[in-house]
Amino acid sequence: MEEKELKKIESASSKPKQKSLAANKILSFCAYIGIACIAIALLLSACFKGNTNVENVFRSIGEVIAYILAMILAFYWVRSRKHIAWLVCYIIFVVTIVVLYILVVI
């Protein structure tokens with residue numbers, strides 16, 4: 001009887017770990033894509049000094065991925081805090097970044 005209960009406890013505790021591992025893999029892959037876009041943008045800017053349209057596209061994609069990853073990771077940190085002020089500041093920061101990025105890019 002005790003062995004069955006112990007196995008249930010072990011299997012229940014491993015589910016959140018598996019979920020966080022999948023989330024870490026997804027975030028790591030997105031970070032990899034962001035780094036690749038930034039690297040391609042820098043390479044294109046070095047190769048084609050006059051043609052900045054393609055470079056700007058890759059640079060923008062890399063920046064957007066970097067911003068999104070930073071926002072996601074910051075959200076997990078804010079969620080672990082108990083005080084509401086952290087969440088309010090986080091929301092203000094995210095809205096500011098999104099609005100200003102849209103205004104600057106468009």
# chains A, B, ... in the order shown; residues from 1 in each chain; ligands from 1
$ residues_around --residues "A:Val78" --least-positions-apart "4" --cutoff "8 Å" --atoms "only C-alpha atoms" --output "list in words"
Ala74, Trp86, Leu87 and Tyr90 of chain A
$ residues_around --residues "A:Gly62" --least-positions-apart "2" --cutoff "6 Å" --atoms "only C-alpha atoms" --output "compact mmCIF listing (two decimals) with N, CA and C atoms, in the first residue's frame"
# COMPACT_ATOMS: atom_id res chain seq x y z
N GLY A 34 16.28 33.96 -32.38
CA GLY A 34 16.55 35.39 -32.23
C GLY A 34 18.01 35.72 -32.45
N CYS A 37 18.81 35.50 -36.13
CA CYS A 37 18.35 36.67 -36.89
C CYS A 37 19.27 37.86 -36.67
N ILE A 38 19.69 38.08 -35.45
CA ILE A 38 20.60 39.19 -35.17
C ILE A 38 21.94 38.97 -35.88
N ARG A 59 17.05 42.26 -38.41
CA ARG A 59 17.32 42.91 -37.14
C ARG A 59 16.02 43.08 -36.34
N SER A 60 14.96 43.49 -37.03
CA SER A 60 13.67 43.66 -36.36
C SER A 60 13.13 42.35 -35.82
N VAL A 64 12.45 41.66 -31.90
CA VAL A 64 11.12 41.27 -31.41
C VAL A 64 11.20 39.98 -30.61
N ILE A 65 11.95 39.01 -31.10
CA ILE A 65 12.10 37.75 -30.37
C ILE A 65 12.79 38.00 -29.04
$ atom_distance --atom1 "atom CA of A:Ala41" --atom2 "atom CA of A:Ile102"
19.8 Å
$ residues_around --residues "A:Glu63" --least-positions-apart "5" --cutoff "12 Å" --atoms "only C-alpha atoms" --output "list in words"
Cys30, Ala31, Ile33, Gly34, Ile35, Ala36, Cys37, Ile38, Ala39, Ala41, Asn56, Val57, Phe58, Ile68, Leu69, Ala70, Ile97, Val98, Tyr101 and Val105 of chain A
$ write_last_selection --atoms "N, CA and C atoms" --output "mmCIF file, in the first residue's frame"
data_model
loop_
_atom_site.group_PDB
_atom_site.id
_atom_site.type_symbol
_atom_site.label_atom_id
_atom_site.label_comp_id
_atom_site.auth_asym_id
_atom_site.auth_seq_id
_atom_site.Cartn_x
_atom_site.Cartn_y
_atom_site.Cartn_z
ATOM 1 N N CYS A 30 13.521 29.540 -29.187
ATOM 2 C CA CYS A 30 13.186 30.905 -29.618
ATOM 3 C C CYS A 30 14.392 31.826 -29.459
ATOM 4 N N ALA A 31 15.141 31.666 -28.383
ATOM 5 C CA ALA A 31 16.342 32.466 -28.194
ATOM 6 C C ALA A 31 17.363 32.164 -29.292
ATOM 7 N N ILE A 33 16.692 31.200 -32.371
ATOM 8 C CA ILE A 33 16.217 31.842 -33.596
ATOM 9 C C ILE A 33 16.492 33.344 -33.538
ATOM 10 N N GLY A 34 16.278 33.956 -32.383
ATOM 11 C CA GLY A 34 16.548 35.390 -32.234
ATOM 12 C C GLY A 34 18.009 35.720 -32.445
ATOM 13 N N ILE A 35 18.880 34.919 -31.870
ATOM 14 C CA ILE A 35 20.316 35.121 -32.041
ATOM 15 C C ILE A 35 20.707 34.940 -33.506
ATOM 16 N N ALA A 36 20.102 33.958 -34.169
ATOM 17 C CA ALA A 36 20.401 33.733 -35.581
ATOM 18 C C ALA A 36 19.984 34.938 -36.417
ATOM 19 N N CYS A 37 18.812 35.501 -36.132
ATOM 20 C CA CYS A 37 18.354 36.673 -36.889
ATOM 21 C C CYS A 37 19.267 37.863 -36.675
ATOM 22 N N ILE A 38 19.690 38.082 -35.448
ATOM 23 C CA ILE A 38 20.599 39.192 -35.173
ATOM 24 C C ILE A 38 21.940 38.975 -35.876
ATOM 25 N N ALA A 39 22.442 37.735 -35.850
ATOM 26 C CA ALA A 39 23.706 37.434 -36.519
ATOM 27 C C ALA A 39 23.594 37.648 -38.029
ATOM 28 N N ALA A 41 21.521 39.652 -39.540
ATOM 29 C CA ALA A 41 21.402 41.096 -39.773
ATOM 30 C C ALA A 41 22.768 41.765 -39.727
ATOM 31 N N ASN A 56 17.485 45.309 -42.019
ATOM 32 C CA ASN A 56 16.517 45.827 -41.053
ATOM 33 C C ASN A 56 15.427 44.813 -40.735
ATOM 34 N N VAL A 57 15.038 44.022 -41.733
ATOM 35 C CA VAL A 57 14.021 42.991 -41.493
ATOM 36 C C VAL A 57 14.553 41.960 -40.501
ATOM 37 N N PHE A 58 15.751 41.441 -40.744
ATOM 38 C CA PHE A 58 16.316 40.442 -39.838
ATOM 39 C C PHE A 58 16.587 41.032 -38.458
ATOM 40 N N ILE A 68 10.276 39.657 -26.658
ATOM 41 C CA ILE A 68 9.255 38.712 -26.201
ATOM 42 C C ILE A 68 9.824 37.749 -25.165
ATOM 43 N N LEU A 69 11.028 37.232 -25.426
ATOM 44 C CA LEU A 69 11.649 36.328 -24.453
ATOM 45 C C LEU A 69 11.906 37.026 -23.126
ATOM 46 N N ALA A 70 12.383 38.260 -23.194
ATOM 47 C CA ALA A 70 12.622 39.008 -21.960
ATOM 48 C C ALA A 70 11.311 39.232 -21.203
ATOM 49 N N ILE A 97 6.911 49.249 -23.829
ATOM 50 C CA ILE A 97 7.773 48.656 -24.862
ATOM 51 C C ILE A 97 6.984 48.388 -26.133
ATOM 52 N N VAL A 98 5.814 47.787 -26.009
ATOM 53 C CA VAL A 98 5.017 47.448 -27.191
ATOM 54 C C VAL A 98 4.595 48.702 -27.944
ATOM 55 N N TYR A 101 7.674 50.511 -29.500
ATOM 56 C CA TYR A 101 8.250 49.742 -30.603
ATOM 57 C C TYR A 101 7.380 49.880 -31.855
ATOM 58 N N VAL A 105 8.802 51.590 -35.258
ATOM 59 C CA VAL A 105 8.955 50.757 -36.443
ATOM 60 C C VAL A 105 7.988 51.169 -37.546
#
$ atom_distance --atom1 "atom CA of A:Phe75" --atom2 "atom CA of A:Leu100"
19.4 Å
$ closest_atom_pairs --of "stretch 67-100 of chain A" --to "stretch 19-23 of chain A" --cutoff "12 Å" --atoms "only C-alpha atoms" --output "CSV"
residue,atom,partner,partner_atom,distance
A:Leu69,CA,A:Ala23,CA,11.6
A:Ile72,CA,A:Ala23,CA,10.7
A:Leu73,CA,A:Ala23,CA,10.8
A:Tyr76,CA,A:Ser20,CA,11.3
$ closest_residue --among "A:Val104, A:Ala66, A:Cys89, A:Cys47" --to "A:Leu27" --atoms "only C-alpha atoms"
A:Ala66
$ atom_distance --atom1 "atom CA of A:Phe93" --atom2 "atom CA of A:Trp77"
14.1 Å
